[in-house]
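J.: I have a structure here, written as structure tokens, and I will follow up with some questions on it.
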Amino acid sequence: MSNTRQPLRAGILGATGAVGQRFITLLANHPGFVIQRLGASARSAGRRYEEAVTWRMATPLPASVASLVVVECKPEAFNDCDVIFSGLDASVAGDIELSFLAADHCVISNAKNHRMADDVPLVVPTVNPEHLHMIPAQRLRRNLKRGFLVTISNCASVGVCAALQALKAKQSVLGKVDRVNVVTMQAISGAGYPGMSAMDMLDNVVPYIGGEEEKLEAEPFKILGTPHTTVQQVKDQVANGKVAEARKLATAHQGALIEPLKDFVISATCNRVPVIDGHMASMSVGFARDAKQANMNKETMLATVKEAFAQYETLASSKALGCVSAPHPPIHLLDAVDRPQPRLDRDRGNGYAVTIGRVRPCPL
Ligand SMILES: NC(=O)c1ccc[n+]([C@@H]2O[C@H](COP(=O)([O-])OP(=O)(O)OC[C@H]3O[C@@H](n4cnc5c(N)ncnc54)[C@H](OP(=O)(O)O)[C@@H]3O)[C@@H](O)[C@H]2O)c1
């Protein structure tokens, strides 16, 4: 987001939780936002934020929010906010976020509840920012004037989708990605606080994260998918002031506004490992190749794959949008045989870059 605009007034739902605290840490010093309102459950409402929260971030609680009084997550309490970030627990996020949307708020959610809905963008900013173009169609389908609901993906999908999007850009040379086997080694922080007990995690690997494999085997199809032609048509009509025509188009096409990536399978295995922050994934990728592509020698193929990752910067249009926190480059490609490593590489691009290494031919 450009730092020449007036800062947007941000509200945070679930502000006392692990994700809410991360939102506060990221927004408190961001030139594009000012934190206006903090919401949590009735247990926390009415208390000053510094009293309601058990602050677990590695940086101090920002003074600008310490004395804000926490409110319940009711839409009317956030009427003076331009944008709402939701870090609500999934057990309550579904209904609360819909109540904010019905009140025409602009909601960006970290929760899983609405990610796969037909008219809700599921966005990894460095992968598919163009999916935000479905907002005009969403507004018309749901009778909204200014509001919208945008979701961000499961954390393990971010790195997987960045790598696959980079390879997709080279598919004329490499062939189309048609199969992926991914094994994740996911950090403890992904389970929130307090997460798993030390007795479960120390000296151990837990080969199961509830619901995670299902998400990793579903979200990339949407994230890597293509906006339906209706999306651009509605956007153009709205831009030209032809709202009635745009509404007809938006409601005539009742299915998903994103056509998912087809002819592609993912097999995912997710493990929880004793690392505090930074998820790692080991991926094997197969390509459907025509005769010419199949004749490419291994060295050329490897060089092209590496080039795909190294050149990915030019595709990341979140930089073109002027987002000050967008990582440049979004993918760091390392040659060292023992990288990436969570502790050494997780802070690249302020924690938002994806680091790829050990790129090599796979006999699978
Ligand atoms: N942790 C991660 O790394 C991570 C990653 C990706 C996605 N997520 C998703 O993000 C969401 C939040 O995760 P988290 O780890 O931050 O959870 P958390 O630490 O348990 O925080 C949950 C937040 O929701 C609030 N809340 C709970 N019940 C509520 C209610 N009935 N009304 C209003 N607010 C309520 C809590 O407020 P009180 O303090 O007042 O109870 C708290 O602020 C979940 O959907 C999770 O799946 C988490």
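The way I read the labels, and the way they are meant: chains A, B, ... in the order of the structure tokens, residue 1 as the first residue of every chain, and ligand 1 as the first ligand shown, with later ones counted on from there.
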Let's see if you can do this: from backbone DSSP, list all strand (DSSP E) residues in range 138-263 of chain A, as a list in words.
T.: Phe148, Leu149, Val150, Thr151, Ile152, Lys176, Val177, Asp178, Arg179, Val180, Asn181, Val182, Val183, Thr184, Met185, Gln186, Thr226, Pro227, Ile258 and Glu259 of chain A
J.: Do you have, as JSON lines, the list of residues of chain A lying at most 7 Å from ligand 1, each with its nearest atom pair and that distance in Å to one decimal, counting only C-alpha atoms and all ligand atoms and ordered by chain then number?
T.:
{"residue": "A:Leu13", "atom": "CA", "partner": "ligand 1", "partner_atom_place_in_ligand_line": "34 (N)", "distance": 6.7}
{"residue": "A:Gly14", "atom": "CA", "partner": "ligand 1", "partner_atom_place_in_ligand_line": "43 (O)", "distance": 3.1}
{"residue": "A:Ala15", "atom": "CA", "partner": "ligand 1", "partner_atom_place_in_ligand_line": "43 (O)", "distance": 4.7}
{"residue": "A:Thr16", "atom": "CA", "partner": "ligand 1", "partner_atom_place_in_ligand_line": "43 (O)", "distance": 3.8}
{"residue": "A:Gly17", "atom": "CA", "partner": "ligand 1", "partner_atom_place_in_ligand_line": "21 (O)", "distance": 3.2}
{"residue": "A:Ala18", "atom": "CA", "partner": "ligand 1", "partner_atom_place_in_ligand_line": "16 (O)", "distance": 3.6}
{"residue": "A:Val19", "atom": "CA", "partner": "ligand 1", "partner_atom_place_in_ligand_line": "16 (O)", "distance": 3.7}
{"residue": "A:Gly20", "atom": "CA", "partner": "ligand 1", "partner_atom_place_in_ligand_line": "16 (O)", "distance": 5.8}
{"residue": "A:Gly39", "atom": "CA", "partner": "ligand 1", "partner_atom_place_in_ligand_line": "34 (N)", "distance": 6.8}
{"residue": "A:Ala40", "atom": "CA", "partner": "ligand 1", "partner_atom_place_in_ligand_line": "34 (N)", "distance": 3.9}
{"residue": "A:Ser41", "atom": "CA", "partner": "ligand 1", "partner_atom_place_in_ligand_line": "33 (C)", "distance": 3.5}
{"residue": "A:Ala42", "atom": "CA", "partner": "ligand 1", "partner_atom_place_in_ligand_line": "40 (O)", "distance": 6.2}
{"residue": "A:Arg43", "atom": "CA", "partner": "ligand 1", "partner_atom_place_in_ligand_line": "40 (O)", "distance": 4.9}
{"residue": "A:Ser44", "atom": "CA", "partner": "ligand 1", "partner_atom_place_in_ligand_line": "40 (O)", "distance": 4.3}
{"residue": "A:Val53", "atom": "CA", "partner": "ligand 1", "partner_atom_place_in_ligand_line": "39 (O)", "distance": 6.8}
{"residue": "A:Glu72", "atom": "CA", "partner": "ligand 1", "partner_atom_place_in_ligand_line": "33 (C)", "distance": 6.3}
{"residue": "A:Cys73", "atom": "CA", "partner": "ligand 1", "partner_atom_place_in_ligand_line": "33 (C)", "distance": 5.4}
{"residue": "A:Gly87", "atom": "CA", "partner": "ligand 1", "partner_atom_place_in_ligand_line": "12 (C)", "distance": 4.5}
{"residue": "A:Leu88", "atom": "CA", "partner": "ligand 1", "partner_atom_place_in_ligand_line": "24 (O)", "distance": 3.9}
{"residue": "A:Asp89", "atom": "CA", "partner": "ligand 1", "partner_atom_place_in_ligand_line": "45 (O)", "distance": 4.0}
{"residue": "A:Ala90", "atom": "CA", "partner": "ligand 1", "partner_atom_place_in_ligand_line": "45 (O)", "distance": 3.7}
{"residue": "A:Val92", "atom": "CA", "partner": "ligand 1", "partner_atom_place_in_ligand_line": "31 (N)", "distance": 5.6}
{"residue": "A:Ala93", "atom": "CA", "partner": "ligand 1", "partner_atom_place_in_ligand_line": "45 (O)", "distance": 6.7}
{"residue": "A:Asn110", "atom": "CA", "partner": "ligand 1", "partner_atom_place_in_ligand_line": "10 (O)", "distance": 5.1}
{"residue": "A:Ala111", "atom": "CA", "partner": "ligand 1", "partner_atom_place_in_ligand_line": "45 (O)", "distance": 3.9}
{"residue": "A:Lys112", "atom": "CA", "partner": "ligand 1", "partner_atom_place_in_ligand_line": "45 (O)", "distance": 6.0}
{"residue": "A:Asn154", "atom": "CA", "partner": "ligand 1", "partner_atom_place_in_ligand_line": "6 (C)", "distance": 5.5}
{"residue": "A:Cys155", "atom": "CA", "partner": "ligand 1", "partner_atom_place_in_ligand_line": "6 (C)", "distance": 5.6}
{"residue": "A:Ser189", "atom": "CA", "partner": "ligand 1", "partner_atom_place_in_ligand_line": "3 (O)", "distance": 5.3}
{"residue": "A:Gly190", "atom": "CA", "partner": "ligand 1", "partner_atom_place_in_ligand_line": "3 (O)", "distance": 3.4}
{"residue": "A:Ala191", "atom": "CA", "partner": "ligand 1", "partner_atom_place_in_ligand_line": "1 (N)", "distance": 5.0}
{"residue": "A:Gly192", "atom": "CA", "partner": "ligand 1", "partner_atom_place_in_ligand_line": "15 (O)", "distance": 3.4}
{"residue": "A:Tyr193", "atom": "CA", "partner": "ligand 1", "partner_atom_place_in_ligand_line": "19 (O)", "distance": 5.5}
J.: Among range 36-187 of chain A, which ones does DSSP assign to helix (DSSP H, G or I) (computed from the backbone)? Answer as JSON, numbers by chain.
T.: {"A": [49, 50, 51, 52, 63, 64, 65, 66, 75, 76, 77, 78, 90, 91, 92, 93, 94, 95, 96, 97, 98, 99, 100, 101, 102, 129, 130, 131, 132, 133, 134, 135, 136, 137, 138, 139, 140, 141, 155, 156, 157, 158, 159, 160, 161, 162, 163, 164, 165, 166, 167, 168, 171, 172, 173, 174]}
J.: To one decimal in Å, tell me the separation between CA of Tyr312 in chain A and CA of Phe287 in chain A.
T.: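 CA of Phe287 in chain A lies 18.8 Å from CA of Tyr312 in chain A.
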J.: Restricting the calculation to only C-alpha atoms, which member of A:Leu26, A:Cys362, A:Ala268, A:Met134 is positioned closest to Ser284 in chain A?
T.: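 Distance minimum relative to Ser284 in chain A lands on A:Cys362.
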J.: May I ask for the distance between CA of Ala303 in chain A and CA of Gly349 in chain A, given in Å to one decimal place?
T.: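 Pair CA of Ala303 in chain A / CA of Gly349 in chain A returns 24.2 Å.
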J.: Extract, using only C-alpha atoms, all DNA, RNA and protein residues at most 8 Å from range 351-361 of chain A, discarding same-chain residues fewer than 6 positions from it, and format them as a PyMOL selection string.
T.: chain A and resi 159+162+298+302+306+326-340+345
J.: Using only C-alpha atoms, what does the table of range 111-182 of chain A residues within 9 Å of range 213-226 of chain A look like, with each row giving the shortest atom pair and its distance in Å to one decimal, sorted by chain and ascending number, as JSON lines?
T.:
{"residue": "A:Lys112", "atom": "CA", "partner": "A:Lys215", "partner_atom": "CA", "distance": 8.8}
{"residue": "A:Arg115", "atom": "CA", "partner": "A:Glu219", "partner_atom": "CA", "distance": 8.0}
{"residue": "A:Met116", "atom": "CA", "partner": "A:Glu219", "partner_atom": "CA", "distance": 7.5}
{"residue": "A:Pro121", "atom": "CA", "partner": "A:Ile223", "partner_atom": "CA", "distance": 8.5}
{"residue": "A:Leu122", "atom": "CA", "partner": "A:Ile223", "partner_atom": "CA", "distance": 6.2}
{"residue": "A:Val123", "atom": "CA", "partner": "A:Ile223", "partner_atom": "CA", "distance": 6.5}
{"residue": "A:Val124", "atom": "CA", "partner": "A:Ile223", "partner_atom": "CA", "distance": 7.3}
{"residue": "A:Val127", "atom": "CA", "partner": "A:Ile223", "partner_atom": "CA", "distance": 7.7}
{"residue": "A:Asn128", "atom": "CA", "partner": "A:Ile223", "partner_atom": "CA", "distance": 6.4}
{"residue": "A:His131", "atom": "CA", "partner": "A:Thr226", "partner_atom": "CA", "distance": 8.0}
{"residue": "A:Ser153", "atom": "CA", "partner": "A:Glu219", "partner_atom": "CA", "distance": 7.2}
{"residue": "A:Asn154", "atom": "CA", "partner": "A:Lys215", "partner_atom": "CA", "distance": 7.0}
{"residue": "A:Ala156", "atom": "CA", "partner": "A:Leu216", "partner_atom": "CA", "distance": 7.0}
{"residue": "A:Ser157", "atom": "CA", "partner": "A:Leu216", "partner_atom": "CA", "distance": 5.9}
{"residue": "A:Val158", "atom": "CA", "partner": "A:Pro220", "partner_atom": "CA", "distance": 8.8}
{"residue": "A:Val160", "atom": "CA", "partner": "A:Pro220", "partner_atom": "CA", "distance": 7.9}
{"residue": "A:Cys161", "atom": "CA", "partner": "A:Pro220", "partner_atom": "CA", "distance": 6.1}
{"residue": "A:Leu164", "atom": "CA", "partner": "A:Leu224", "partner_atom": "CA", "distance": 8.1}
{"residue": "A:Gln165", "atom": "CA", "partner": "A:Leu224", "partner_atom": "CA", "distance": 6.8}
{"residue": "A:Lys168", "atom": "CA", "partner": "A:Leu224", "partner_atom": "CA", "distance": 8.9}
{"residue": "A:Val182", "atom": "CA", "partner": "A:Leu216", "partner_atom": "CA", "distance": 8.9}
J.: Neighbouring residues of Ala308 in chain A were defined as those with any atom within 7 Å, considering only C-alpha atoms; residues of the same chain fewer than 6 positions away were excluded. Please report them as a list in words.
T.: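 Result of the neighbour search: Ala166, Leu167 and Lys170 of chain A.
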J.: Given the selection you just returned, output its residues as a file containing N, CA, C and O atoms, formatted as a compact mmCIF listing (two decimals), in the first residue's frame.
T.:
# COMPACT_ATOMS: atom_id res chain seq x y z
N ALA A 166 5.46 -19.93 -9.71
CA ALA A 166 6.68 -19.63 -10.47
C ALA A 166 6.88 -20.68 -11.58
O ALA A 166 7.22 -20.33 -12.72
N LEU A 167 6.63 -21.94 -11.26
CA LEU A 167 6.78 -23.00 -12.27
C LEU A 167 5.72 -22.88 -13.36
O LEU A 167 5.99 -23.14 -14.55
N LYS A 170 6.52 -20.84 -16.32
CA LYS A 170 7.45 -21.42 -17.31
C LYS A 170 6.87 -22.67 -17.95
O LYS A 170 7.61 -23.53 -18.45
J.: List the spatial neighbours of Lys235 in chain A as a ChimeraX atom specification - criterion: any atom at most 8 Å away, only C-alpha atoms, same-chain residues fewer than 4 positions off excluded.
T.: /A:133-134,136-137,231,239,246
J.: Those residues with all heavy atoms, as a PDB file, in the first residue's frame please?
T.:
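Result saved to part_18.pdb:
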ATOM      1  N   HIS A 133      -9.811  -8.905  -7.937  1.00  0.00           N
ATOM      2  CA  HIS A 133     -10.710  -8.304  -8.929  1.00  0.00           C
ATOM      3  C   HIS A 133     -12.122  -8.866  -8.827  1.00  0.00           C
ATOM      4  O   HIS A 133     -13.046  -8.359  -9.462  1.00  0.00           O
ATOM      5  CB  HIS A 133     -10.169  -8.526 -10.351  1.00  0.00           C
ATOM      6  CG  HIS A 133      -8.906  -7.772 -10.604  1.00  0.00           C
ATOM      7  ND1 HIS A 133      -8.094  -8.001 -11.686  1.00  0.00           N
ATOM      8  CD2 HIS A 133      -8.295  -6.788  -9.904  1.00  0.00           C
ATOM      9  CE1 HIS A 133      -7.041  -7.204 -11.633  1.00  0.00           C
ATOM     10  NE2 HIS A 133      -7.142  -6.463 -10.563  1.00  0.00           N
ATOM     11  N   MET A 134     -12.311  -9.940  -8.044  1.00  0.00           N
ATOM     12  CA  MET A 134     -13.680 -10.457  -7.920  1.00  0.00           C
ATOM     13  C   MET A 134     -14.502  -9.684  -6.888  1.00  0.00           C
ATOM     14  O   MET A 134     -15.706  -9.923  -6.738  1.00  0.00           O
ATOM     15  CB  MET A 134     -13.672 -11.965  -7.639  1.00  0.00           C
ATOM     16  CG  MET A 134     -13.030 -12.398  -6.382  1.00  0.00           C
ATOM     17  SD  MET A 134     -12.525 -14.138  -6.501  1.00  0.00           S
ATOM     18  CE  MET A 134     -13.920 -14.945  -5.748  1.00  0.00           C
ATOM     19  N   PRO A 136     -15.806  -6.572  -6.949  1.00  0.00           N
ATOM     20  CA  PRO A 136     -17.035  -5.950  -7.471  1.00  0.00           C
ATOM     21  C   PRO A 136     -18.169  -6.965  -7.667  1.00  0.00           C
ATOM     22  O   PRO A 136     -19.328  -6.679  -7.350  1.00  0.00           O
ATOM     23  CB  PRO A 136     -16.582  -5.355  -8.816  1.00  0.00           C
ATOM     24  CG  PRO A 136     -15.121  -5.104  -8.638  1.00  0.00           C
ATOM     25  CD  PRO A 136     -14.632  -6.220  -7.763  1.00  0.00           C
ATOM     26  N   ALA A 137     -17.837  -8.168  -8.160  1.00  0.00           N
ATOM     27  CA  ALA A 137     -18.876  -9.193  -8.346  1.00  0.00           C
ATOM     28  C   ALA A 137     -19.404  -9.666  -6.991  1.00  0.00           C
ATOM     29  O   ALA A 137     -20.615  -9.891  -6.819  1.00  0.00           O
ATOM     30  CB  ALA A 137     -18.315 -10.357  -9.158  1.00  0.00           C
ATOM     31  N   VAL A 231     -15.670 -12.115 -13.958  1.00  0.00           N
ATOM     32  CA  VAL A 231     -14.991 -11.232 -12.999  1.00  0.00           C
ATOM     33  C   VAL A 231     -14.554  -9.939 -13.690  1.00  0.00           C
ATOM     34  O   VAL A 231     -14.827  -8.828 -13.215  1.00  0.00           O
ATOM     35  CB  VAL A 231     -13.790 -11.969 -12.358  1.00  0.00           C
ATOM     36  CG1 VAL A 231     -12.885 -11.010 -11.594  1.00  0.00           C
ATOM     37  CG2 VAL A 231     -14.297 -13.080 -11.443  1.00  0.00           C
ATOM     38  N   ALA A 239     -16.761  -0.106 -13.440  1.00  0.00           N
ATOM     39  CA  ALA A 239     -15.865   1.035 -13.686  1.00  0.00           C
ATOM     40  C   ALA A 239     -16.492   2.031 -14.658  1.00  0.00           C
ATOM     41  O   ALA A 239     -16.263   3.240 -14.571  1.00  0.00           O
ATOM     42  CB  ALA A 239     -14.527   0.536 -14.222  1.00  0.00           C
ATOM     43  N   ALA A 246     -23.855  -4.784 -14.699  1.00  0.00           N
ATOM     44  CA  ALA A 246     -22.876  -5.554 -13.921  1.00  0.00           C
ATOM     45  C   ALA A 246     -23.587  -6.511 -12.963  1.00  0.00           C
ATOM     46  O   ALA A 246     -23.195  -7.671 -12.815  1.00  0.00           O
ATOM     47  CB  ALA A 246     -21.966  -4.604 -13.139  1.00  0.00           C
TER      48      ALA A 246
END
J.: May I ask for the distance between CA of Glu212 in chain A and CA of Ile188 in chain A, given in Å to one decimal place?
T.: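 About the pair CA of Glu212 in chain A and CA of Ile188 in chain A: they are 13.4 Å apart.
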J.: So which residues touch Ala63 in chain A within 10 Å, counting only C-alpha atoms, skipping near sequence neighbours fewer than 5 positions away, as an MDAnalysis selection string?
T.: chainID A and resid 28 50 68
J.: Can you pull out the residues contacting Asp203 in chain A? Cut-off 8 Å, using only C-alpha atoms, and skip same-chain residues under 2 positions away; I want them as a ChimeraX atom specification.
T.: /A:201,205,274
J.: Those residues with N, CA and C atoms, as a compact mmCIF listing (two decimals), in the first residue's frame please?
T.:
# COMPACT_ATOMS: atom_id res chain seq x y z
N MET A 201 6.15 -32.01 22.35
CA MET A 201 6.95 -31.48 21.24
C MET A 201 8.46 -31.71 21.35
N VAL A 205 8.63 -35.53 16.82
CA VAL A 205 7.93 -35.02 15.63
C VAL A 205 6.54 -35.63 15.68
N PRO A 274 9.64 -29.56 16.27
CA PRO A 274 10.00 -28.66 17.37
C PRO A 274 10.80 -27.43 16.92
J.: Between A:Gln6, A:Val173, A:Asn79, A:Tyr49, which is the closest to Asn295 in chain A once you count only C-alpha atoms?
T.: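 Among the listed residues, A:Val173 lies closest to Asn295 in chain A.
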